>>> print(open('upload.pdb').read())   # PDB, C-alpha atoms and all ligand atoms
MODEL        1
ATOM      1  CA  MET A   1     194.896   8.989  70.464
ATOM      2  CA  PRO A   2     198.602   8.508  69.719
ATOM      3  CA  ASP A   3     200.490  11.733  69.100
ATOM      4  CA  THR A   4     201.652  11.617  65.461
ATOM      5  CA  THR A   5     204.364  14.218  66.049
ATOM      6  CA  GLU A   6     205.860  12.003  68.759
ATOM      7  CA  ILE A   7     205.665   8.846  66.570
ATOM      8  CA  ILE A   8     207.397  10.630  63.688
ATOM      9  CA  ARG A   9     210.051  12.009  66.049
ATOM     10  CA  GLU A  10     210.796   8.486  67.267
ATOM     11  CA  ILE A  11     210.984   7.058  63.719
ATOM     12  CA  ARG A  12     213.402   9.828  62.704
ATOM     13  CA  GLN A  13     215.508   9.255  65.812
ATOM     14  CA  THR A  14     215.836   5.534  64.975
ATOM     15  CA  ALA A  15     216.573   6.266  61.308
ATOM     16  CA  ASP A  16     219.193   8.893  62.208
ATOM     17  CA  PHE A  17     220.891   6.473  64.614
ATOM     18  CA  LEU A  18     221.126   3.773  61.922
ATOM     19  CA  LEU A  19     222.166   6.189  59.168
ATOM     20  CA  ALA A  20     224.953   7.507  61.377
ATOM     21  CA  ARG A  21     226.201   3.918  61.826
ATOM     22  CA  ALA A  22     225.781   2.926  58.173
ATOM     23  CA  GLY A  23     227.145   6.156  56.721
ATOM     24  CA  ARG A  24     224.814   5.877  53.694
ATOM     25  CA  ARG A  25     221.252   5.128  52.711
ATOM     26  CA  PRO A  26     220.139   1.561  51.972
ATOM     27  CA  GLN A  27     218.792   0.901  48.476
ATOM     28  CA  ALA A  28     216.659  -1.909  49.798
ATOM     29  CA  ALA A  29     215.551  -3.391  53.085
ATOM     30  CA  MET A  30     214.758  -6.968  53.942
ATOM     31  CA  ILE A  31     212.829  -8.761  56.677
ATOM     32  CA  THR A  32     213.730 -12.425  57.041
ATOM     33  CA  GLY A  33     211.434 -15.071  58.434
ATOM     34  CA  THR A  34     211.820 -18.039  60.763
ATOM     35  CA  GLY A  35     214.931 -20.038  59.839
ATOM     36  CA  LEU A  36     215.459 -18.004  56.658
ATOM     37  CA  GLY A  37     218.580 -16.035  57.579
ATOM     38  CA  ASP A  38     220.768 -17.319  54.747
ATOM     39  CA  ILE A  39     220.804 -13.920  53.104
ATOM     40  CA  ALA A  40     223.524 -13.149  55.688
ATOM     41  CA  ARG A  41     225.789 -15.665  53.938
ATOM     42  CA  VAL A  42     225.619 -13.796  50.655
ATOM     43  CA  MET A  43     225.921 -10.392  52.316
ATOM     44  CA  ASP A  44     229.077  -8.415  53.071
ATOM     45  CA  VAL A  45     228.002  -7.466  56.577
ATOM     46  CA  GLU A  46     229.524  -4.192  57.765
ATOM     47  CA  PHE A  47     227.530  -3.755  60.967
ATOM     48  CA  GLU A  48     225.468  -6.154  63.039
ATOM     49  CA  ILE A  49     223.333  -4.295  65.536
ATOM     50  CA  PRO A  50     221.222  -6.151  68.139
ATOM     51  CA  TYR A  51     217.680  -4.788  68.240
ATOM     52  CA  ARG A  52     218.065  -3.947  71.921
ATOM     53  CA  GLU A  53     220.761  -1.391  71.013
ATOM     54  CA  ILE A  54     218.556   0.416  68.506
ATOM     55  CA  PRO A  55     216.622   3.353  69.975
ATOM     56  CA  ASN A  56     212.825   2.829  70.024
ATOM     57  CA  PHE A  57     213.054  -0.648  68.439
ATOM     58  CA  PRO A  58     210.963  -3.445  69.918
ATOM     59  CA  THR A  59     212.992  -6.550  70.897
ATOM     60  CA  SER A  60     212.385 -10.016  69.456
ATOM     61  CA  THR A  61     211.555 -13.128  71.479
ATOM     62  CA  ALA A  62     210.434 -15.726  68.897
ATOM     63  CA  GLU A  63     212.223 -19.038  68.476
ATOM     64  CA  GLY A  64     214.465 -19.221  65.422
ATOM     65  CA  HIS A  65     214.841 -15.442  65.219
ATOM     66  CA  GLY A  66     218.164 -13.700  65.672
ATOM     67  CA  GLY A  67     217.039 -10.237  66.572
ATOM     68  CA  ASN A  68     219.814  -8.394  64.742
ATOM     69  CA  LEU A  69     219.857  -5.696  62.126
ATOM     70  CA  LEU A  70     222.518  -6.219  59.480
ATOM     71  CA  ILE A  71     223.878  -3.358  57.411
ATOM     72  CA  GLY A  72     226.125  -3.986  54.424
ATOM     73  CA  ASN A  73     226.145  -4.941  50.748
ATOM     74  CA  VAL A  74     224.555  -7.690  48.727
ATOM     75  CA  SER A  75     225.718  -7.924  45.119
ATOM     76  CA  GLY A  76     227.311  -4.485  45.601
ATOM     77  CA  LYS A  77     224.029  -2.824  46.627
ATOM     78  CA  ALA A  78     223.540  -1.127  50.002
ATOM     79  CA  MET A  79     221.134  -3.171  52.104
ATOM     80  CA  MET A  80     219.697  -3.401  55.575
ATOM     81  CA  VAL A  81     218.427  -6.781  56.729
ATOM     82  CA  MET A  82     216.283  -7.616  59.725
ATOM     83  CA  GLU A  83     217.189 -11.035  61.068
ATOM     84  CA  GLY A  84     213.989 -11.788  62.918
ATOM     85  CA  ARG A  85     210.744  -9.866  63.020
ATOM     86  CA  PHE A  86     208.010  -8.962  65.508
ATOM     87  CA  HIS A  87     204.780 -10.955  65.512
ATOM     88  CA  LEU A  88     201.302 -10.233  66.794
ATOM     89  CA  TYR A  89     201.292 -13.612  68.547
ATOM     90  CA  GLU A  90     204.219 -12.537  70.725
ATOM     91  CA  GLY A  91     202.029  -9.759  72.065
ATOM     92  CA  TYR A  92     203.419  -6.912  69.964
ATOM     93  CA  SER A  93     200.940  -4.319  68.762
ATOM     94  CA  PRO A  94     200.422  -3.703  65.024
ATOM     95  CA  ALA A  95     202.406  -0.452  65.506
ATOM     96  CA  GLU A  96     205.359  -2.369  66.983
ATOM     97  CA  VAL A  97     205.214  -5.112  64.331
ATOM     98  CA  THR A  98     205.467  -2.513  61.578
ATOM     99  CA  TYR A  99     207.705   0.086  63.257
ATOM    100  CA  PRO A 100     210.868  -1.061  61.419
ATOM    101  CA  VAL A 101     209.194  -0.683  58.016
ATOM    102  CA  ARG A 102     208.685   3.036  58.543
ATOM    103  CA  VAL A 103     212.275   3.342  59.736
ATOM    104  CA  MET A 104     213.412   1.637  56.502
ATOM    105  CA  ALA A 105     211.402   4.096  54.404
ATOM    106  CA  GLU A 106     212.677   7.043  56.449
ATOM    107  CA  MET A 107     216.251   5.859  55.838
ATOM    108  CA  GLY A 108     215.618   6.007  52.097
ATOM    109  CA  ALA A 109     215.100   2.363  51.099
ATOM    110  CA  LYS A 110     213.031   2.007  47.930
ATOM    111  CA  ASN A 111     212.473  -1.749  47.891
ATOM    112  CA  LEU A 112     211.219  -4.001  50.663
ATOM    113  CA  PHE A 113     211.983  -7.720  50.428
ATOM    114  CA  ILE A 114     210.137 -10.029  52.766
ATOM    115  CA  SER A 115     210.527 -13.718  53.468
ATOM    116  CA  SER A 116     208.486 -15.904  55.771
ATOM    117  CA  ALA A 117     207.684 -19.494  56.611
ATOM    118  CA  ALA A 118     204.170 -20.582  55.667
ATOM    119  CA  GLY A 119     201.854 -23.544  55.615
ATOM    120  CA  GLY A 120     200.872 -24.694  52.130
ATOM    121  CA  LEU A 121     197.155 -24.721  51.307
ATOM    122  CA  ASN A 122     197.572 -25.350  47.598
ATOM    123  CA  PRO A 123     197.714 -29.160  47.297
ATOM    124  CA  LEU A 124     200.349 -28.883  44.555
ATOM    125  CA  PHE A 125     202.848 -27.353  46.985
ATOM    126  CA  GLU A 126     205.413 -29.425  48.863
ATOM    127  CA  PRO A 127     207.487 -28.698  51.967
ATOM    128  CA  GLY A 128     210.576 -26.739  50.979
ATOM    129  CA  ASP A 129     208.902 -25.041  47.979
ATOM    130  CA  LEU A 130     209.510 -21.340  47.406
ATOM    131  CA  VAL A 131     206.436 -19.267  46.551
ATOM    132  CA  LEU A 132     206.388 -15.738  45.189
ATOM    133  CA  ILE A 133     203.529 -13.864  46.854
ATOM    134  CA  THR A 134     201.229 -12.455  44.168
ATOM    135  CA  ASP A 135     198.626 -11.029  46.553
ATOM    136  CA  HIS A 136     197.490 -11.341  50.152
ATOM    137  CA  ILE A 137     194.485 -11.563  52.426
ATOM    138  CA  ASN A 138     194.788  -9.875  55.814
ATOM    139  CA  LEU A 139     192.877 -12.091  58.228
ATOM    140  CA  THR A 140     194.639 -10.911  61.375
ATOM    141  CA  GLY A 141     191.714  -8.701  62.323
ATOM    142  CA  LYS A 142     194.189  -5.813  62.685
ATOM    143  CA  ASN A 143     195.310  -3.013  60.448
ATOM    144  CA  PRO A 144     198.455  -1.072  61.347
ATOM    145  CA  LEU A 145     197.108   2.100  59.710
ATOM    146  CA  VAL A 146     194.210   2.432  62.174
ATOM    147  CA  GLY A 147     194.459   5.699  64.073
ATOM    148  CA  PRO A 148     195.571   9.144  62.978
ATOM    149  CA  ASN A 149     197.218   8.991  59.560
ATOM    150  CA  LEU A 150     200.923   9.768  59.324
ATOM    151  CA  ASP A 151     200.516  12.173  56.392
ATOM    152  CA  ALA A 152     204.293  12.584  56.105
ATOM    153  CA  PHE A 153     204.513   8.887  55.161
ATOM    154  CA  GLY A 154     201.469   8.277  52.986
ATOM    155  CA  PRO A 155     197.757   8.728  52.289
ATOM    156  CA  ARG A 156     194.824   7.938  54.590
ATOM    157  CA  PHE A 157     193.418   5.325  52.194
ATOM    158  CA  PRO A 158     196.306   3.655  50.383
ATOM    159  CA  ASP A 159     195.440   1.802  47.205
ATOM    160  CA  MET A 160     196.005  -1.949  47.460
ATOM    161  CA  SER A 161     195.393  -2.987  43.844
ATOM    162  CA  HIS A 162     199.087  -3.669  43.047
ATOM    163  CA  VAL A 163     200.683  -4.475  46.372
ATOM    164  CA  TYR A 164     203.433  -6.822  45.177
ATOM    165  CA  ASP A 165     205.492  -4.891  42.643
ATOM    166  CA  PRO A 166     205.102  -6.309  39.110
ATOM    167  CA  GLN A 167     208.613  -5.255  38.043
ATOM    168  CA  LEU A 168     210.249  -6.874  41.077
ATOM    169  CA  SER A 169     208.120  -9.995  40.547
ATOM    170  CA  THR A 170     209.366 -10.263  36.959
ATOM    171  CA  ILE A 171     212.960  -9.829  38.165
ATOM    172  CA  ALA A 172     212.398 -12.568  40.766
ATOM    173  CA  ARG A 173     210.992 -15.005  38.223
ATOM    174  CA  LYS A 174     213.872 -14.379  35.814
ATOM    175  CA  ALA A 175     216.414 -14.750  38.631
ATOM    176  CA  ALA A 176     214.808 -18.048  39.654
ATOM    177  CA  THR A 177     214.888 -19.394  36.098
ATOM    178  CA  GLY A 178     218.505 -18.250  35.662
ATOM    179  CA  SER A 179     219.540 -19.947  38.913
ATOM    180  CA  GLY A 180     217.616 -23.155  38.303
ATOM    181  CA  ILE A 181     215.446 -22.571  41.381
ATOM    182  CA  ALA A 182     211.735 -23.442  41.145
ATOM    183  CA  LEU A 183     209.571 -20.475  42.166
ATOM    184  CA  ASN A 184     205.825 -21.041  42.529
ATOM    185  CA  ARG A 185     203.282 -18.217  42.768
ATOM    186  CA  GLY A 186     200.424 -17.817  45.175
ATOM    187  CA  VAL A 187     198.185 -15.818  47.481
ATOM    188  CA  TYR A 188     199.273 -15.506  51.136
ATOM    189  CA  VAL A 189     196.779 -15.265  53.954
ATOM    190  CA  GLY A 190     198.003 -13.722  57.195
ATOM    191  CA  ILE A 191     196.522 -14.901  60.498
ATOM    192  CA  THR A 192     197.425 -13.934  64.064
ATOM    193  CA  GLY A 193     198.375 -17.335  65.500
ATOM    194  CA  PRO A 194     199.986 -18.719  67.544
ATOM    195  CA  SER A 195     197.643 -21.716  67.258
ATOM    196  CA  LEU A 196     197.816 -23.461  63.904
ATOM    197  CA  GLU A 197     194.697 -24.043  61.804
ATOM    198  CA  THR A 198     191.990 -26.604  62.393
ATOM    199  CA  PRO A 199     190.904 -28.686  59.389
ATOM    200  CA  ALA A 200     187.766 -26.523  59.059
ATOM    201  CA  GLU A 201     189.825 -23.323  59.133
ATOM    202  CA  THR A 202     192.233 -24.810  56.581
ATOM    203  CA  ARG A 203     189.334 -25.611  54.233
ATOM    204  CA  PHE A 204     187.984 -22.089  54.710
ATOM    205  CA  LEU A 205     191.350 -20.453  53.931
ATOM    206  CA  ARG A 206     191.671 -22.509  50.750
ATOM    207  CA  MET A 207     188.092 -21.678  49.732
ATOM    208  CA  ILE A 208     188.668 -17.941  50.060
ATOM    209  CA  GLY A 209     191.541 -18.188  47.609
ATOM    210  CA  ALA A 210     194.737 -18.585  49.615
ATOM    211  CA  ASP A 211     197.666 -20.795  48.617
ATOM    212  CA  ALA A 212     199.760 -20.300  51.752
ATOM    213  CA  VAL A 213     199.069 -19.311  55.373
ATOM    214  CA  GLY A 214     201.368 -17.642  57.867
ATOM    215  CA  MET A 215     201.545 -15.496  60.970
ATOM    216  CA  SER A 216     203.409 -12.490  59.602
ATOM    217  CA  THR A 217     204.024 -10.387  56.485
ATOM    218  CA  VAL A 218     200.630  -8.776  55.839
ATOM    219  CA  LEU A 219     200.894  -5.940  58.392
ATOM    220  CA  GLU A 220     204.471  -5.107  57.349
ATOM    221  CA  VAL A 221     203.369  -5.079  53.714
ATOM    222  CA  ILE A 222     200.421  -2.751  54.406
ATOM    223  CA  VAL A 223     202.743  -0.220  56.050
ATOM    224  CA  GLY A 224     205.254  -0.691  53.225
ATOM    225  CA  VAL A 225     202.574   0.147  50.668
ATOM    226  CA  HIS A 226     201.486   3.132  52.749
ATOM    227  CA  CYS A 227     204.968   4.626  52.681
ATOM    228  CA  GLY A 228     205.538   3.898  48.988
ATOM    229  CA  LEU A 229     207.967   0.975  49.188
ATOM    230  CA  LYS A 230     208.094  -1.468  46.286
ATOM    231  CA  ILE A 231     207.429  -4.902  47.712
ATOM    232  CA  LEU A 232     208.553  -8.419  46.916
ATOM    233  CA  GLY A 233     207.594 -11.330  49.157
ATOM    234  CA  ILE A 234     208.751 -14.941  48.997
ATOM    235  CA  VAL A 235     207.537 -17.642  51.365
ATOM    236  CA  VAL A 236     208.981 -21.043  52.100
ATOM    237  CA  ILE A 237     206.373 -23.768  52.450
ATOM    238  CA  THR A 238     207.342 -25.596  55.622
ATOM    239  CA  ASN A 239     204.338 -27.928  55.846
ATOM    240  CA  VAL A 240     201.315 -28.641  53.679
ATOM    241  CA  ASN A 241     197.844 -28.522  55.220
ATOM    242  CA  LEU A 242     195.132 -30.508  53.464
ATOM    243  CA  PRO A 243     191.805 -30.313  55.312
ATOM    244  CA  ASP A 244     190.818 -33.932  54.647
ATOM    245  CA  CYS A 245     194.115 -35.443  55.765
ATOM    246  CA  MET A 246     195.636 -32.981  58.223
ATOM    247  CA  LYS A 247     199.026 -33.850  59.609
ATOM    248  CA  GLU A 248     200.421 -32.475  62.843
ATOM    249  CA  THR A 249     202.866 -29.580  62.491
ATOM    250  CA  SER A 250     205.542 -28.623  65.001
ATOM    251  CA  ILE A 251     207.731 -25.543  65.267
ATOM    252  CA  GLU A 252     210.776 -27.842  65.038
ATOM    253  CA  GLU A 253     209.550 -29.103  61.661
ATOM    254  CA  VAL A 254     208.815 -25.547  60.484
ATOM    255  CA  ILE A 255     212.307 -24.351  61.455
ATOM    256  CA  ALA A 256     214.078 -27.409  60.006
ATOM    257  CA  THR A 257     212.267 -27.190  56.654
ATOM    258  CA  ALA A 258     212.804 -23.419  56.458
ATOM    259  CA  GLN A 259     216.502 -23.859  57.166
ATOM    260  CA  GLY A 260     216.699 -26.523  54.466
ATOM    261  CA  ALA A 261     215.286 -24.105  51.874
ATOM    262  CA  SER A 262     217.139 -21.060  53.149
ATOM    263  CA  LYS A 263     220.324 -21.639  51.141
ATOM    264  CA  ASN A 264     218.454 -21.569  47.836
ATOM    265  CA  LEU A 265     216.489 -18.556  48.990
ATOM    266  CA  GLY A 266     219.712 -16.718  49.873
ATOM    267  CA  ARG A 267     221.072 -17.479  46.388
ATOM    268  CA  LEU A 268     217.847 -16.266  44.833
ATOM    269  CA  TRP A 269     217.853 -12.988  46.797
ATOM    270  CA  LYS A 270     221.404 -12.358  45.644
ATOM    271  CA  GLU A 271     220.401 -12.681  41.992
ATOM    272  CA  ILE A 272     217.280 -10.556  42.493
ATOM    273  CA  ILE A 273     219.290  -7.815  44.184
ATOM    274  CA  ILE A 274     221.769  -7.675  41.269
ATOM    275  CA  ASP A 275     218.885  -6.721  38.960
ATOM    276  CA  MET A 276     216.738  -4.610  41.299
ATOM    277  CA  PRO A 277     216.032  -1.043  40.263
ATOM    278  CA  GLY A 278     216.867   1.905  42.502
TER     279      GLY A 278
HETATM  280  N1  LIG B   1     199.991 -22.185  59.587
HETATM  281  C1  LIG B   1     200.274 -20.916  59.943
HETATM  282  N2  LIG B   1     201.505 -20.421  59.944
HETATM  283  C2  LIG B   1     202.503 -21.223  59.568
HETATM  284  C3  LIG B   1     202.273 -22.562  59.192
HETATM  285  C4  LIG B   1     200.940 -23.058  59.203
HETATM  286  O1  LIG B   1     200.669 -24.217  58.891
HETATM  287  N3  LIG B   1     203.472 -23.092  58.861
HETATM  288  C5  LIG B   1     204.401 -22.107  59.044
HETATM  289  N4  LIG B   1     203.809 -20.986  59.461
ENDMDL
END
>>> encode(input="upload.pdb", output="structure tokens", more="lines below")
Ligand code: HPA
Amino acid sequence: MPDTTEIIREIRQTADFLLARAGRRPQAAMITGTGLGDIARVMDVEFEIPYREIPNFPTSTAEGHGGNLLIGNVSGKAMMVMEGRFHLYEGYSPAEVTYPVRVMAEMGAKNLFISSAAGGLNPLFEPGDLVLITDHINLTGKNPLVGPNLDAFGPRFPDMSHVYDPQLSTIARKAATGSGIALNRGVYVGITGPSLETPAETRFLRMIGADAVGMSTVLEVIVGVHCGLKILGIVVITNVNLPDCMKETSIEEVIATAQGASKNLGRLWKEIIIDMPG
């Protein structure tokens, strides 16, 4: 059994280290996905801290991920941004994947913004589309809240009926309209990876109600809900998977398409952050 006192001590140590650097609490935190680092272009970055310099932080290995924590302002609001995340498929445990989310909450962030690359399952989606996550299905087979509950952070059985914050979703849709950026809506299904889906798996994921599939997001979101963060998630569709005419997908294609959409996504985040509460 993990020792909850020790886990909480570590989280506080990491949060204290970052707060001492930043000198103030972030209003919001962000986790950026593969090739989606353009938020950095619209951010006044004050500090850029490699993960390896942050006490108790896991270190990132995935392709297309920077592995830096940025602290600064976006649209005049105090933000912390993770450039690169930790994935189950890299061998990280659910606790490691979600460790930064608890640090963000401990530092005082109220909103958690998440972006990720995803395969489109909805046949109306096209590569490069942005999709606001309306709900998710956790098909990773893991739950980061398994084990003794961290009562200081949240309840044993967190409610999951309104995971993606309705107010933030409304702000996102208005920001998209105002900026002339098309924003679709859809259900995200999280899988472990790293293998992509077979045609039969793709058909199954569509049948159970998913519009997009990816290898991240859901565990971070579960921990975010547990510690009371308001969550907004936007995915970039990097490839579309149709079970009856599957095309091959490569990581190069995923990264290139994500990078192509990243500029618009950065613009959209900026507008969302202007209007965010808290
Ligand atoms: N499947 C799973 N994860 C992904 C995909 C996909 O097709 N594209 C980008 N991330």
>>> residues_near_ligand(input="upload.pdb", ligand="ligand LIG 1 (chain B)", cutoff="7 Å", atoms="all atoms listed in the file", output="PDB file with C-alpha atoms, in the frame of the given file")
ATOM      1  CA  ALA A 117     207.684 -19.494  56.611  1.00  0.00           C
ATOM      2  CA  ALA A 118     204.170 -20.582  55.667  1.00  0.00           C
ATOM      3  CA  GLY A 119     201.854 -23.544  55.615  1.00  0.00           C
ATOM      4  CA  GLY A 120     200.872 -24.694  52.130  1.00  0.00           C
ATOM      5  CA  GLY A 193     198.375 -17.335  65.500  1.00  0.00           C
ATOM      6  CA  LEU A 196     197.816 -23.461  63.904  1.00  0.00           C
ATOM      7  CA  GLU A 197     194.697 -24.043  61.804  1.00  0.00           C
ATOM      8  CA  VAL A 213     199.069 -19.311  55.373  1.00  0.00           C
ATOM      9  CA  GLY A 214     201.368 -17.642  57.867  1.00  0.00           C
ATOM     10  CA  MET A 215     201.545 -15.496  60.970  1.00  0.00           C
ATOM     11  CA  THR A 238     207.342 -25.596  55.622  1.00  0.00           C
ATOM     12  CA  ASN A 239     204.338 -27.928  55.846  1.00  0.00           C
ATOM     13  CA  VAL A 240     201.315 -28.641  53.679  1.00  0.00           C
ATOM     14  CA  ASN A 241     197.844 -28.522  55.220  1.00  0.00           C
ATOM     15  CA  THR A 249     202.866 -29.580  62.491  1.00  0.00           C
ATOM     16  CA  VAL A 254     208.815 -25.547  60.484  1.00  0.00           C
TER      17      VAL A 254
END
>>> resolve_selection(input="upload.pdb", expression="the PyMOL selection byres (((chain A and resi 27-32) around 8) and not hetatm)", output="ChimeraX atom specification")
/A:25-26,33-34,36-37,77-85,104,108-116,278
>>> closest_residue(input="upload.pdb", among="A:Arg203, A:Arg12, A:Lys230, A:Lys142", to="Pro94 (chain A)", atoms="all atoms listed in the file")
A:Lys142
>>> closest_residue(input="upload.pdb", among="A:Leu130, A:Ala176, A:Ile251, A:Leu18", to="Gly35 (chain A)", atoms="all atoms listed in the file")
A:Ile251
>>> closest_residue(input="upload.pdb", among="A:Leu219, A:Ile8, A:Ile54, A:Leu265", to="His87 (chain A)", atoms="only C-alpha atoms")
A:Leu219
>>> axis_aligned_box(input="upload.pdb", around="region 120-125 of chain A", padding_each_side="6 Å", output="JSON")
{"center_x": 200.0, "center_y": -26.9, "center_z": 48.3, "size_x": 17.7, "size_y": 16.5, "size_z": 19.6}
>>> atom_distance(input="upload.pdb", atom1="CA of Gly178 (chain A)", atom2="CA of Val163 (chain A)")
24.9 Å
>>> residues_around(input="upload.pdb", residues="Ile273 (chain A)", least_positions_apart="4", cutoff="9 Å", atoms="only C-alpha atoms", output="PDB file with C-alpha atoms, in the coordinates of the input")
ATOM      1  CA  ALA A  28     216.659  -1.909  49.798  1.00  0.00           C
ATOM      2  CA  VAL A  74     224.555  -7.690  48.727  1.00  0.00           C
ATOM      3  CA  SER A  75     225.718  -7.924  45.119  1.00  0.00           C
ATOM      4  CA  GLY A  76     227.311  -4.485  45.601  1.00  0.00           C
ATOM      5  CA  LYS A  77     224.029  -2.824  46.627  1.00  0.00           C
ATOM      6  CA  ILE A 171     212.960  -9.829  38.165  1.00  0.00           C
ATOM      7  CA  LEU A 268     217.847 -16.266  44.833  1.00  0.00           C
ATOM      8  CA  TRP A 269     217.853 -12.988  46.797  1.00  0.00           C
ATOM      9  CA  PRO A 277     216.032  -1.043  40.263  1.00  0.00           C
TER      10      PRO A 277
END
>>> resolve_selection(input="upload.pdb", expression="the PyMOL selection byres (((chain A and resi 204) around 12) and not hetatm)", output="PyMOL selection string")
chain A and resi 121+139+189+197-203+205-211+213+241-243
>>> resolve_selection(input="upload.pdb", expression="the PyMOL selection byres (((chain A and resi 157) around 12) and not hetatm)", output="ChimeraX atom specification")
/A:143,145-151,154-156,158-161,222-223,225-227
>>> residues_around(input="upload.pdb", residues="Thr134 (chain A)", least_positions_apart="4", cutoff="10 Å", atoms="only C-alpha atoms", output="short mmCIF file (atom, residue, chain, number, x, y, z; two decimals) with C-alpha atoms, keeping the file's coordinate frame")
data_model
loop_
_atom_site.label_atom_id
_atom_site.label_comp_id
_atom_site.auth_asym_id
_atom_site.auth_seq_id
_atom_site.Cartn_x
_atom_site.Cartn_y
_atom_site.Cartn_z
CA HIS A 162 199.09 -3.67 43.05
CA VAL A 163 200.68 -4.47 46.37
CA TYR A 164 203.43 -6.82 45.18
CA ASP A 165 205.49 -4.89 42.64
CA PRO A 166 205.10 -6.31 39.11
CA SER A 169 208.12 -9.99 40.55
CA ASN A 184 205.82 -21.04 42.53
CA ARG A 185 203.28 -18.22 42.77
CA GLY A 186 200.42 -17.82 45.18
CA VAL A 187 198.18 -15.82 47.48
CA TYR A 188 199.27 -15.51 51.14
CA LEU A 232 208.55 -8.42 46.92
CA GLY A 233 207.59 -11.33 49.16
CA ILE A 234 208.75 -14.94 49.00
#
>>> closest_residue(input="upload.pdb", among="A:Phe47, A:Tyr92, A:Phe86, A:Phe153", to="Leu19 (chain A)", atoms="all atoms listed in the file")
A:Phe47
>>> atom_distance(input="upload.pdb", atom1="CA of Ala95 (chain A)", atom2="CA of Pro144 (chain A)")
5.8 Å
